[in-house]
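Structure file structure-v9.cif with mmCIF, C-alpha atoms:
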data_data
#
loop_
_atom_site.label_atom_id
_atom_site.label_comp_id
_atom_site.auth_asym_id
_atom_site.auth_seq_id
_atom_site.Cartn_x
_atom_site.Cartn_y
_atom_site.Cartn_z
CA MET A 187 -5.01 8.63 25.72
CA SER A 188 -4.42 8.30 29.47
CA ASP A 189 -7.28 6.96 31.59
CA ASN A 190 -7.04 10.08 33.75
CA ARG A 191 -8.96 11.87 30.98
CA ARG A 192 -11.60 9.14 30.76
CA PHE A 193 -14.59 8.33 32.91
CA VAL A 194 -17.72 6.19 32.79
CA VAL A 195 -21.29 7.51 32.73
CA LYS A 196 -23.51 4.67 33.93
CA PHE A 197 -27.30 4.44 34.14
CA GLU A 198 -28.60 2.11 36.87
CA GLY A 199 -32.03 1.12 38.17
CA PRO A 200 -35.24 -0.61 37.03
CA ALA A 201 -35.40 1.49 33.86
CA ILE A 202 -32.27 -0.30 32.66
CA THR A 203 -33.32 -3.84 33.57
CA ASN A 204 -36.79 -3.22 32.12
CA HIS A 205 -35.38 -1.59 28.97
CA SER A 206 -37.60 1.45 29.47
CA LEU A 207 -34.99 4.24 29.33
CA SER A 208 -35.88 6.47 26.39
CA PHE A 209 -33.56 7.84 23.71
CA LYS A 210 -34.75 11.31 24.71
CA THR A 211 -33.52 10.79 28.27
CA LEU A 212 -30.15 9.47 27.09
CA ALA A 213 -29.66 12.41 24.73
CA ASN A 214 -30.70 14.94 27.39
CA VAL A 215 -28.24 13.52 29.93
CA LEU A 216 -25.25 13.35 27.60
CA ASP A 217 -25.91 16.81 26.16
CA GLY A 218 -26.43 18.19 29.67
CA ILE A 219 -23.14 16.79 30.97
CA GLN A 220 -21.31 18.43 28.08
CA ASN A 221 -22.95 21.80 28.81
CA THR A 222 -21.99 21.58 32.48
CA PHE A 223 -18.35 21.03 31.47
CA TYR A 224 -18.54 24.18 29.32
CA TYR A 225 -19.95 26.21 32.23
CA ILE A 226 -17.24 24.95 34.57
CA GLY A 227 -14.67 25.99 31.95
CA MET A 228 -16.25 29.46 31.92
CA GLU A 229 -16.08 29.56 35.73
CA ILE A 230 -12.38 28.64 35.76
CA THR A 231 -11.44 31.23 33.13
CA LYS A 232 -13.91 33.88 34.38
CA ARG A 233 -15.42 34.08 30.90
CA GLU A 234 -19.00 34.83 29.89
CA LYS A 235 -21.14 33.93 26.91
CA ALA A 236 -21.12 36.21 23.90
CA ARG A 237 -24.77 36.68 22.88
CA GLY A 238 -25.75 33.31 24.23
CA ARG A 239 -22.79 31.39 22.78
CA ILE A 240 -20.06 29.47 24.63
CA PRO A 241 -16.60 30.80 23.57
CA ASP A 242 -15.06 28.51 20.93
CA GLU A 243 -11.81 27.94 22.83
CA ILE A 244 -13.74 26.73 25.89
CA GLN A 245 -15.81 24.39 23.73
CA GLN A 246 -12.61 22.92 22.27
CA ALA A 247 -10.83 22.57 25.62
CA CYS A 248 -13.80 20.98 27.42
CA GLU A 249 -15.16 18.79 24.64
CA LEU A 250 -16.20 15.25 25.62
CA ARG A 251 -16.17 12.32 23.21
CA ARG A 252 -17.78 8.91 23.39
CA VAL A 253 -15.07 6.25 23.35
CA MET A 254 -17.25 3.15 23.64
CA GLU A 255 -20.46 1.72 25.06
CA ARG A 256 -20.38 -1.36 27.26
CA SER A 257 -22.88 -4.19 26.99
CA GLY A 258 -24.94 -5.53 29.89
CA SER A 259 -26.08 -2.15 31.15
CA TYR A 260 -26.07 1.35 29.74
CA GLU A 261 -22.53 2.61 30.23
CA VAL A 262 -20.71 5.19 28.15
CA VAL A 263 -16.96 5.62 28.41
CA ALA A 264 -16.31 9.33 27.84
CA GLU A 265 -13.00 10.94 27.03
CA LEU A 266 -11.90 14.53 27.46
CA SER A 267 -10.27 16.17 24.45
CA SER A 268 -6.48 16.53 24.34
CA PRO A 269 -4.94 19.57 26.11
CA MET A 270 -5.19 22.69 23.95
CA GLN A 271 -2.16 24.64 22.84
CA SER A 272 -3.56 28.14 23.21
CA GLY A 273 -2.13 31.47 24.21
CA LEU A 274 -5.33 32.05 26.17
CA PHE A 275 -4.70 29.05 28.44
CA THR A 276 -0.90 29.07 28.77
CA GLY A 277 0.15 26.49 31.36
CA LEU A 278 -3.49 25.56 32.03
CA ASP A 279 -5.06 22.22 31.07
CA LEU A 280 -8.55 23.70 31.18
CA GLY A 281 -10.35 20.50 30.26
CA LYS A 282 -8.66 18.48 33.01
CA GLU A 283 -9.35 21.18 35.58
CA ALA A 284 -13.01 21.18 34.52
CA LEU A 285 -13.06 17.38 34.83
CA ASP A 286 -11.62 17.50 38.35
CA LYS A 287 -14.12 20.15 39.42
CA TYR A 288 -17.01 18.21 37.87
CA PHE A 289 -16.22 15.18 40.02
CA GLN A 290 -15.74 17.28 43.16
CA MET A 291 -19.23 18.60 42.42
CA THR A 292 -20.79 15.13 41.86
CA ASP A 293 -19.18 13.97 45.11
CA TRP A 294 -20.89 16.88 46.88
CA LEU A 295 -24.19 16.16 45.12
CA SER A 296 -24.03 12.58 46.43
CA GLY A 297 -24.64 14.00 49.90
CA GLY A 298 -21.28 13.54 51.57
CA LYS A 299 -20.47 17.19 52.33
CA ASP A 300 -22.21 20.38 53.43
CA GLU A 301 -23.11 23.45 51.40
CA ALA A 302 -19.89 25.28 52.30
CA ASN A 303 -17.96 22.85 50.11
CA ILE A 304 -19.84 23.73 46.93
CA ARG A 305 -19.46 27.44 47.67
CA GLN A 306 -15.73 26.94 48.07
CA LEU A 307 -15.56 24.95 44.82
CA PHE A 308 -17.46 27.63 42.84
CA PRO A 309 -17.03 30.87 44.86
CA GLU A 310 -18.80 33.26 42.47
CA GLU A 311 -22.57 32.97 42.82
CA LYS A 312 -23.51 33.55 39.17
CA HIS A 313 -21.22 30.74 38.00
CA ARG A 314 -22.25 28.43 40.84
CA ARG A 315 -25.95 28.90 40.05
CA ARG A 316 -25.45 28.41 36.31
CA ILE A 317 -23.44 25.22 36.81
CA LEU A 318 -25.75 23.65 39.39
CA LYS A 319 -28.93 24.56 37.52
CA SER A 320 -27.49 22.96 34.39
CA VAL A 321 -27.11 19.72 36.37
CA GLN A 322 -30.76 19.91 37.45
CA LYS A 323 -31.82 19.62 33.81
CA TYR A 324 -30.48 16.08 33.48
CA SER A 325 -30.94 14.80 37.04
CA PRO A 326 -33.62 12.15 37.62
CA ARG A 327 -36.88 13.47 39.02
CA LYS A 328 -39.05 11.96 41.71
CA GLY A 329 -40.77 8.99 40.09
CA ASP A 330 -37.97 8.30 37.60
CA ASP A 331 -36.64 4.76 38.03
CA TRP A 332 -33.00 5.37 37.14
CA VAL A 333 -29.91 6.93 38.69
CA LEU A 334 -26.76 8.26 37.08
CA VAL A 335 -23.38 7.04 38.37
CA PHE A 336 -19.91 8.37 37.52
CA GLN A 337 -16.87 6.15 37.94
CA ASP A 338 -13.39 5.48 36.63
CA PRO A 339 -13.01 3.19 33.56
CA GLY A 340 -11.77 0.32 35.71
CA GLY A 341 -14.75 0.51 38.04
CA ASN A 342 -12.48 0.88 41.08
CA ARG A 343 -13.58 4.35 42.09
CA GLN A 344 -16.95 6.07 42.09
CA TYR A 345 -16.98 9.84 41.60
CA GLY A 346 -20.56 10.34 42.73
CA PHE A 347 -24.11 9.90 41.52
CA LEU A 348 -27.27 11.82 40.65
CA ASP A 349 -30.62 10.58 41.97
CA HIS A 350 -34.05 12.08 42.64
CA GLN A 351 -32.66 13.90 45.72
CA THR A 352 -30.19 15.84 43.56
CA VAL A 353 -32.74 18.41 42.40
CA ASN A 354 -33.70 19.29 45.99
CA ARG A 355 -30.06 19.49 47.09
CA ILE A 356 -29.33 21.93 44.28
CA ASP A 357 -32.45 23.96 45.12
CA ARG A 358 -31.21 24.45 48.67
CA ALA A 359 -27.78 25.52 47.43
CA VAL A 360 -28.93 28.08 44.86
CA SER A 361 -32.02 29.54 46.51
CA ALA A 362 -31.64 33.07 47.77
CA PRO A 363 -33.23 33.94 51.14
CA GLN A 364 -36.95 34.43 50.58
CA TYR A 365 -38.55 37.58 51.99
CA GLU A 366 -42.25 37.99 51.21
CA THR A 367 -41.84 36.30 47.87
CA SER A 368 -44.28 34.25 45.87
CA THR A 369 -44.28 32.29 42.64
CA MET A 370 -46.25 32.79 39.45
CA PHE A 371 -46.39 30.96 36.14
CA GLY A 372 -46.47 32.30 32.62
CA GLN A 373 -45.57 31.67 29.00
CA LEU A 374 -42.50 33.34 27.58
CA VAL A 375 -43.39 36.05 25.05
CA LYS A 376 -40.14 37.96 24.48
CA ILE A 377 -36.46 37.95 25.49
CA ASP A 378 -34.19 40.99 25.55
CA PHE A 379 -30.65 39.61 25.82
CA GLU A 380 -29.02 43.03 26.06
CA GLN A 381 -31.02 44.16 29.10
CA HIS A 382 -31.54 40.66 30.56
CA LYS A 383 -35.27 41.18 30.47
CA ILE A 384 -38.15 38.85 29.59
CA THR A 385 -41.85 39.32 29.01
CA ILE A 386 -44.20 36.57 30.13
CA ARG A 387 -47.94 36.15 29.69
CA HIS A 388 -49.70 35.29 32.95
CA GLU A 389 -51.71 32.10 32.47
CA SER A 390 -54.91 33.10 34.31
CA THR A 391 -55.27 36.76 33.30
CA GLY A 392 -53.50 36.83 29.94
CA LYS A 393 -51.65 39.95 31.08
CA SER A 394 -48.07 40.50 29.86
CA LEU A 395 -45.53 41.23 32.59
CA ASP A 396 -41.86 42.25 32.34
CA CYS A 397 -39.07 41.21 34.65
CA THR A 398 -35.29 41.13 34.64
CA TYR A 399 -33.41 37.86 34.98
CA ASN A 400 -30.00 36.78 36.24
CA PRO A 401 -27.57 35.85 33.43
CA GLU A 402 -27.18 32.35 34.90
CA ASP A 403 -30.93 31.76 34.30
CA GLU A 404 -30.59 32.49 30.57
CA ASP A 405 -30.16 28.86 29.58
CA THR A 406 -33.31 27.82 31.45
CA ILE A 407 -35.23 30.53 29.61
CA ILE A 408 -33.85 29.72 26.16
CA THR A 409 -34.32 25.96 26.38
CA ASN A 410 -37.89 26.40 27.59
CA ARG A 411 -38.91 29.26 25.31
CA ASP A 412 -42.01 27.40 24.11
CA GLY A 413 -43.20 26.32 27.56
CA TYR A 414 -44.11 27.73 30.96
CA LEU A 415 -41.75 29.44 33.38
CA MET A 416 -42.00 29.65 37.17
CA ILE A 417 -41.00 33.12 38.36
CA SER A 418 -40.24 33.60 42.07
CA GLY A 419 -39.79 37.04 43.56
CA VAL A 420 -41.61 40.00 45.05
CA ILE A 421 -44.83 40.21 43.05
CA GLU A 422 -47.11 43.24 43.26
CA LEU A 423 -50.82 42.36 43.08
CA ASP A 424 -53.68 44.41 41.66
CA THR A 425 -56.96 45.03 43.46
CA SER A 426 -58.28 41.65 42.28
CA GLY A 427 -55.31 39.81 43.75
CA ASN A 428 -53.71 39.05 40.37
CA PRO A 429 -50.05 39.77 39.51
CA ASN A 430 -49.56 43.35 38.36
CA LYS A 431 -45.77 43.73 38.49
CA ILE A 432 -42.74 41.50 39.11
CA ALA A 433 -39.79 42.86 41.09
CA SER A 434 -36.69 41.47 42.79
CA VAL A 435 -36.71 38.15 40.95
CA THR A 436 -35.00 35.46 43.05
CA ASP A 437 -35.41 32.43 40.80
CA ILE A 438 -36.58 31.35 37.36
CA ARG A 439 -37.12 27.73 36.43
CA TYR A 440 -39.02 25.80 33.82
CA LEU A 441 -42.31 24.05 34.54
CA ASP A 442 -41.65 20.35 34.00
CA LEU A 443 -44.60 18.80 32.13
CA SER A 444 -42.80 15.67 30.96
CA PRO A 445 -44.62 12.36 31.63
CA VAL A 446 -44.55 11.11 35.23
CA ARG A 447 -43.49 7.46 35.45
CA LEU A 448 -43.99 5.71 38.79
CA SER A 449 -42.88 2.14 39.42
CA ARG A 450 -42.90 2.56 43.21
CA ILE A 451 -45.12 4.51 45.61
CA ALA A 452 -43.45 5.72 48.79
CA THR A 453 -44.92 7.79 51.64
CA GLU A 454 -44.48 8.01 55.40
CA ALA A 455 -47.14 5.30 55.68
CA GLY A 456 -45.06 2.76 53.76
CA SER A 457 -44.23 1.68 50.23
CA ILE A 458 -45.91 -0.05 47.29
CA GLU A 459 -44.12 -1.71 44.37
CA LEU A 460 -46.09 -1.78 41.12
CA LYS A 461 -46.14 -4.64 38.62
CA LYS A 462 -45.93 -2.15 35.78
CA ALA A 463 -45.05 1.51 35.90
CA ILE A 464 -47.90 4.00 35.90
CA VAL A 465 -47.37 6.74 33.32
CA ILE A 466 -49.31 10.01 33.62
CA GLN A 467 -49.09 13.09 31.43
CA PRO A 468 -49.19 16.21 33.66
CA VAL A 469 -51.28 19.18 32.57
CA PHE A 470 -51.11 22.78 33.73
CA GLU A 471 -54.47 24.18 34.84
CA ASN A 472 -55.35 27.15 37.04
CA GLN A 473 -51.73 27.74 38.08
CA GLU A 474 -51.31 24.13 39.24
CA ILE A 475 -49.86 20.87 37.95
CA VAL A 476 -52.60 18.23 37.61
CA LEU A 477 -52.08 14.46 37.45
CA ASN A 478 -55.27 12.69 36.36
CA TYR A 479 -55.24 8.90 36.61
CA GLU A 480 -58.68 7.81 35.45
CA ASP A 481 -58.22 4.07 36.19
CA LEU A 482 -58.38 4.85 39.91
CA ASN A 483 -60.20 8.19 39.73
CA ILE A 484 -57.20 9.97 41.26
CA ILE A 485 -56.79 13.67 40.50
CA ALA A 486 -53.65 14.96 42.19
CA VAL A 487 -52.58 18.61 42.14
CA GLY A 488 -49.60 20.65 43.25
CA GLU A 489 -47.86 23.96 42.72
CA ASP A 490 -45.09 22.05 40.98
CA ARG A 491 -44.36 18.56 39.68
CA GLU A 492 -42.93 17.26 42.98
CA GLN A 493 -45.97 18.38 44.97
CA ALA A 494 -48.37 16.80 42.47
CA ILE A 495 -46.49 13.48 42.66
CA ARG A 496 -46.58 13.54 46.47
CA ASP A 497 -50.33 14.22 46.35
CA PHE A 498 -50.80 11.30 43.94
CA GLU A 499 -48.79 8.95 46.16
CA ASP A 500 -50.78 9.98 49.25
CA ASP A 501 -54.06 9.34 47.41
CA PHE A 502 -52.87 5.94 46.13
CA VAL A 503 -51.89 4.81 49.64
CA TRP A 504 -55.18 6.11 51.04
CA LEU A 505 -57.11 4.03 48.48
CA TRP A 506 -55.02 0.97 49.35
CA ARG A 507 -55.83 1.36 53.03
CA GLU A 508 -59.52 2.11 52.54
CA TYR A 509 -60.27 -0.62 49.98
CA VAL A 510 -57.60 -3.33 49.90
CA LEU A 511 -56.92 -3.63 53.63
CA VAL A 512 -60.59 -4.21 54.53
CA GLU A 513 -62.85 -7.25 54.25
CA ASP A 514 -64.96 -7.65 51.10
CA HIS A 515 -68.24 -7.98 52.98
CA ILE A 516 -68.19 -4.32 54.04
CA LEU A 517 -67.54 -3.03 50.50
CA SER A 518 -70.07 -2.12 47.83
CA GLU A 519 -69.80 -3.70 44.38
CA ASP A 520 -68.14 -0.56 43.00
CA ALA A 521 -65.69 -0.58 45.91
CA LYS A 522 -64.87 -4.26 45.28
CA HIS A 523 -64.17 -3.42 41.63
CA LEU A 524 -61.81 -0.61 42.70
CA LYS A 525 -60.10 -3.00 45.15
CA LYS A 526 -59.53 -5.49 42.34
CA ASN A 527 -58.05 -2.75 40.11
CA LEU A 528 -55.63 -1.76 42.87
CA GLN A 529 -54.55 -5.35 43.51
CA GLU A 530 -53.91 -5.94 39.82
CA LEU A 531 -51.55 -2.96 39.73
CA VAL A 532 -49.46 -3.92 42.75
CA ARG A 533 -46.71 -6.54 43.05
CA ARG A 534 -46.11 -6.08 46.78
CA ALA A 535 -47.10 -3.58 49.46
CA ASN A 536 -45.80 -2.65 52.88
CA ILE A 537 -48.60 -0.48 54.22
CA GLU A 538 -49.97 -0.57 57.75
CA SER A 539 -53.75 -0.65 58.11
#
Show the structure stored in the file as structure tokens.
Amino acid sequence: MSDNRRFVVKFEGPAITNHSLSFKTLANVLDGIQNTFYYIGMEITKREKARGRIPDEIQQACELRRVMERSGSYEVVAELSSPMQSGLFTGLDLGKEALDKYFQMTDWLSGGKDEANIRQLFPEEKHRRRILKSVQKYSPRKGDDWVLVFQDPGGNRQYGFLDHQTVNRIDRAVSAPQYETSTMFGQLVKIDFEQHKITIRHESTGKSLDCTYNPEDEDTIITNRDGYLMISGVIELDTSGNPNKIASVTDIRYLDLSPVRLSRIATEAGSIELKKAIVIQPVFENQEIVLNYEDLNIIAVGEDREQAIRDFEDDFVWLWREYVLVEDHILSEDAKHLKKNLQELVRRANIES
């Protein structure tokens, strides 16, 4: 098959050299790329799901196959299926058009163009949101030590990359203007596909609340049906200040409680490279994400995963300044022990006192 239907998916970064990239991450990325191709096919043909299912002809036209894996780093050579002979797509190589649009999108996600370009590429909002939010699901998060690169099989041309900035770039592109909105968290109780309605149980009060959702958020809801959802919109409060009713929903996303892995700490004060990655399991308590790292007595919190990580990094740098960058004679024995623990974790630091 011609190379113009092939491309390389390449993982780069410390996770590759340290052999710490998990099977779960690999599977999530490859499955996610395939789903994005399906959604782009739906955007091109102006089709919708039928009861949560991608139309068969779009699945066939946009199917990706693994051709080979290359040694030395994690690279997968992917190949688009042969053009379909279908009365539905007469004169249209749907798979190739989806491929071209995918790489125009990854070029935009790499930061080279402004938001108008992505709106021109996917003019209809519901399709644009669905496609971009599907990419968020397999983009590296802050703290992940890998990036995803797309290139041609010969390595002569790069089509773009996904890094920890991708999620924020997508957020800015899909977020509706916020007018007196707030965010709440809850567990999914029920889905009504016909009316595009969900019922969630508010974490703090245990109260069940109904709200409608945009069709493009359906995949987020389905894939996270056993976890927590973040609902943003106009939320009516009761006399106690707790959510009583949800209206005008602007966004629904899943609450990411996957392990946080940090091999580098970076703040405005400088950066710290760790000898070995710190791994913390986030927990959800009192409507906040909590990162508890007992070795250094750090308890970081945030409304979402990104905020909690920033709080953790700020605390780590503060400890470094307060304990490592001072003379031993002014420290107590407990403080000297904490200083030693910090030094044993760090390979190099660039932090001003």
**Q.** Resolved residues for the PyMOL selection byres ((chain A and resi 497) around 12) as a ChimeraX atom specification
**A.** /A:451-453,475-478,484-496,498-504
Q: Could you list the residues chosen by the PyMOL selection byres ((chain A and resi 229) around 12) in this structure as a PyMOL selection string?
A: chain A and resi 222-228+230-235+240+244+280+283-284+287-288+307-318+402
Q: Determine the residue set returned by the PyMOL selection byres ((chain A and resi 430) around 12) for the present structure, and present it as a PyMOL selection string.
A: chain A and resi 370+386-388+391-397+420-429+431-433
Q.
Give me the residues near A:Arg507 as a list in words, where near means some atom within 12 Å (using all atoms listed in the file) and where sequence neighbours in that chain fewer than 3 positions away do not count.
A. Ala455, Gly456, Ser457, Ile458, Asp500, Asp501, Phe502, Val503, Trp504, Val510, Leu511, Val512, Glu513, Lys525, Leu528, Gln529, Ala535, Asn536, Ile537, Glu538 and Ser539 of chain A
Q) When you draw a straight line from atom CA of A:Met291 to atom CA of A:Ser434, how long is it in Å? A) 28.8 Å
Atoms added to stretch 432-458 of chain A (N, CA and C atoms), reported as a PDB file, keeping the file's coordinate frame:
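What landed in part.pdb:
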ATOM      1  N   ILE A 432     -43.727  42.407  38.529  1.00  0.00           N
ATOM      2  CA  ILE A 432     -42.740  41.500  39.110  1.00  0.00           C
ATOM      3  C   ILE A 432     -41.486  42.306  39.453  1.00  0.00           C
ATOM      4  N   ALA A 433     -41.014  42.162  40.683  1.00  0.00           N
ATOM      5  CA  ALA A 433     -39.790  42.860  41.090  1.00  0.00           C
ATOM      6  C   ALA A 433     -38.921  41.917  41.897  1.00  0.00           C
ATOM      7  N   SER A 434     -37.636  42.233  41.961  1.00  0.00           N
ATOM      8  CA  SER A 434     -36.690  41.470  42.790  1.00  0.00           C
ATOM      9  C   SER A 434     -36.802  39.972  42.547  1.00  0.00           C
ATOM     10  N   VAL A 435     -36.623  39.565  41.306  1.00  0.00           N
ATOM     11  CA  VAL A 435     -36.710  38.150  40.950  1.00  0.00           C
ATOM     12  C   VAL A 435     -35.609  37.364  41.658  1.00  0.00           C
ATOM     13  N   THR A 436     -35.990  36.293  42.353  1.00  0.00           N
ATOM     14  CA  THR A 436     -35.000  35.460  43.050  1.00  0.00           C
ATOM     15  C   THR A 436     -34.724  34.151  42.322  1.00  0.00           C
ATOM     16  N   ASP A 437     -35.640  33.705  41.487  1.00  0.00           N
ATOM     17  CA  ASP A 437     -35.410  32.430  40.800  1.00  0.00           C
ATOM     18  C   ASP A 437     -36.323  32.310  39.590  1.00  0.00           C
ATOM     19  N   ILE A 438     -35.799  31.686  38.545  1.00  0.00           N
ATOM     20  CA  ILE A 438     -36.580  31.350  37.360  1.00  0.00           C
ATOM     21  C   ILE A 438     -36.284  29.903  37.013  1.00  0.00           C
ATOM     22  N   ARG A 439     -37.314  29.120  36.834  1.00  0.00           N
ATOM     23  CA  ARG A 439     -37.120  27.730  36.430  1.00  0.00           C
ATOM     24  C   ARG A 439     -38.240  27.312  35.489  1.00  0.00           C
ATOM     25  N   TYR A 440     -38.008  26.253  34.752  1.00  0.00           N
ATOM     26  CA  TYR A 440     -39.020  25.800  33.820  1.00  0.00           C
ATOM     27  C   TYR A 440     -40.034  24.918  34.526  1.00  0.00           C
ATOM     28  N   LEU A 441     -41.242  24.883  34.000  1.00  0.00           N
ATOM     29  CA  LEU A 441     -42.310  24.050  34.540  1.00  0.00           C
ATOM     30  C   LEU A 441     -42.249  22.700  33.835  1.00  0.00           C
ATOM     31  N   ASP A 442     -41.892  21.674  34.571  1.00  0.00           N
ATOM     32  CA  ASP A 442     -41.650  20.350  34.000  1.00  0.00           C
ATOM     33  C   ASP A 442     -42.982  19.632  33.759  1.00  0.00           C
ATOM     34  N   LEU A 443     -43.366  19.499  32.493  1.00  0.00           N
ATOM     35  CA  LEU A 443     -44.600  18.800  32.130  1.00  0.00           C
ATOM     36  C   LEU A 443     -44.309  17.505  31.383  1.00  0.00           C
ATOM     37  N   SER A 444     -43.114  16.961  31.567  1.00  0.00           N
ATOM     38  CA  SER A 444     -42.800  15.670  30.960  1.00  0.00           C
ATOM     39  C   SER A 444     -43.571  14.567  31.682  1.00  0.00           C
ATOM     40  N   PRO A 445     -43.824  13.433  31.016  1.00  0.00           N
ATOM     41  CA  PRO A 445     -44.620  12.360  31.630  1.00  0.00           C
ATOM     42  C   PRO A 445     -44.041  11.893  32.962  1.00  0.00           C
ATOM     43  N   VAL A 446     -44.929  11.664  33.928  1.00  0.00           N
ATOM     44  CA  VAL A 446     -44.550  11.110  35.230  1.00  0.00           C
ATOM     45  C   VAL A 446     -44.622   9.589  35.127  1.00  0.00           C
ATOM     46  N   ARG A 447     -43.550   8.920  35.505  1.00  0.00           N
ATOM     47  CA  ARG A 447     -43.490   7.460  35.450  1.00  0.00           C
ATOM     48  C   ARG A 447     -43.189   6.941  36.856  1.00  0.00           C
ATOM     49  N   LEU A 448     -44.130   6.206  37.430  1.00  0.00           N
ATOM     50  CA  LEU A 448     -43.990   5.710  38.790  1.00  0.00           C
ATOM     51  C   LEU A 448     -44.011   4.184  38.801  1.00  0.00           C
ATOM     52  N   SER A 449     -42.925   3.594  39.258  1.00  0.00           N
ATOM     53  CA  SER A 449     -42.880   2.140  39.420  1.00  0.00           C
ATOM     54  C   SER A 449     -42.941   1.763  40.906  1.00  0.00           C
ATOM     55  N   ARG A 450     -42.870   2.787  41.764  1.00  0.00           N
ATOM     56  CA  ARG A 450     -42.900   2.560  43.210  1.00  0.00           C
ATOM     57  C   ARG A 450     -43.576   3.748  43.870  1.00  0.00           C
ATOM     58  N   ILE A 451     -44.446   3.479  44.828  1.00  0.00           N
ATOM     59  CA  ILE A 451     -45.120   4.510  45.610  1.00  0.00           C
ATOM     60  C   ILE A 451     -44.517   4.503  46.999  1.00  0.00           C
ATOM     61  N   ALA A 452     -44.074   5.661  47.469  1.00  0.00           N
ATOM     62  CA  ALA A 452     -43.450   5.720  48.790  1.00  0.00           C
ATOM     63  C   ALA A 452     -43.950   6.939  49.549  1.00  0.00           C
ATOM     64  N   THR A 453     -44.499   6.708  50.749  1.00  0.00           N
ATOM     65  CA  THR A 453     -44.920   7.790  51.640  1.00  0.00           C
ATOM     66  C   THR A 453     -44.480   7.433  53.054  1.00  0.00           C
ATOM     67  N   GLU A 454     -44.813   8.301  54.008  1.00  0.00           N
ATOM     68  CA  GLU A 454     -44.480   8.010  55.400  1.00  0.00           C
ATOM     69  C   GLU A 454     -45.214   6.774  55.900  1.00  0.00           C
ATOM     70  N   ALA A 455     -46.342   6.449  55.253  1.00  0.00           N
ATOM     71  CA  ALA A 455     -47.140   5.300  55.680  1.00  0.00           C
ATOM     72  C   ALA A 455     -46.582   3.971  55.192  1.00  0.00           C
ATOM     73  N   GLY A 456     -45.618   3.999  54.282  1.00  0.00           N
ATOM     74  CA  GLY A 456     -45.060   2.760  53.760  1.00  0.00           C
ATOM     75  C   GLY A 456     -44.799   2.857  52.268  1.00  0.00           C
ATOM     76  N   SER A 457     -44.577   1.698  51.650  1.00  0.00           N
ATOM     77  CA  SER A 457     -44.230   1.680  50.230  1.00  0.00           C
ATOM     78  C   SER A 457     -45.030   0.625  49.483  1.00  0.00           C
ATOM     79  N   ILE A 458     -45.190   0.860  48.177  1.00  0.00           N
ATOM     80  CA  ILE A 458     -45.910  -0.050  47.290  1.00  0.00           C
ATOM     81  C   ILE A 458     -45.091  -0.200  46.017  1.00  0.00           C
TER      82      ILE A 458
END
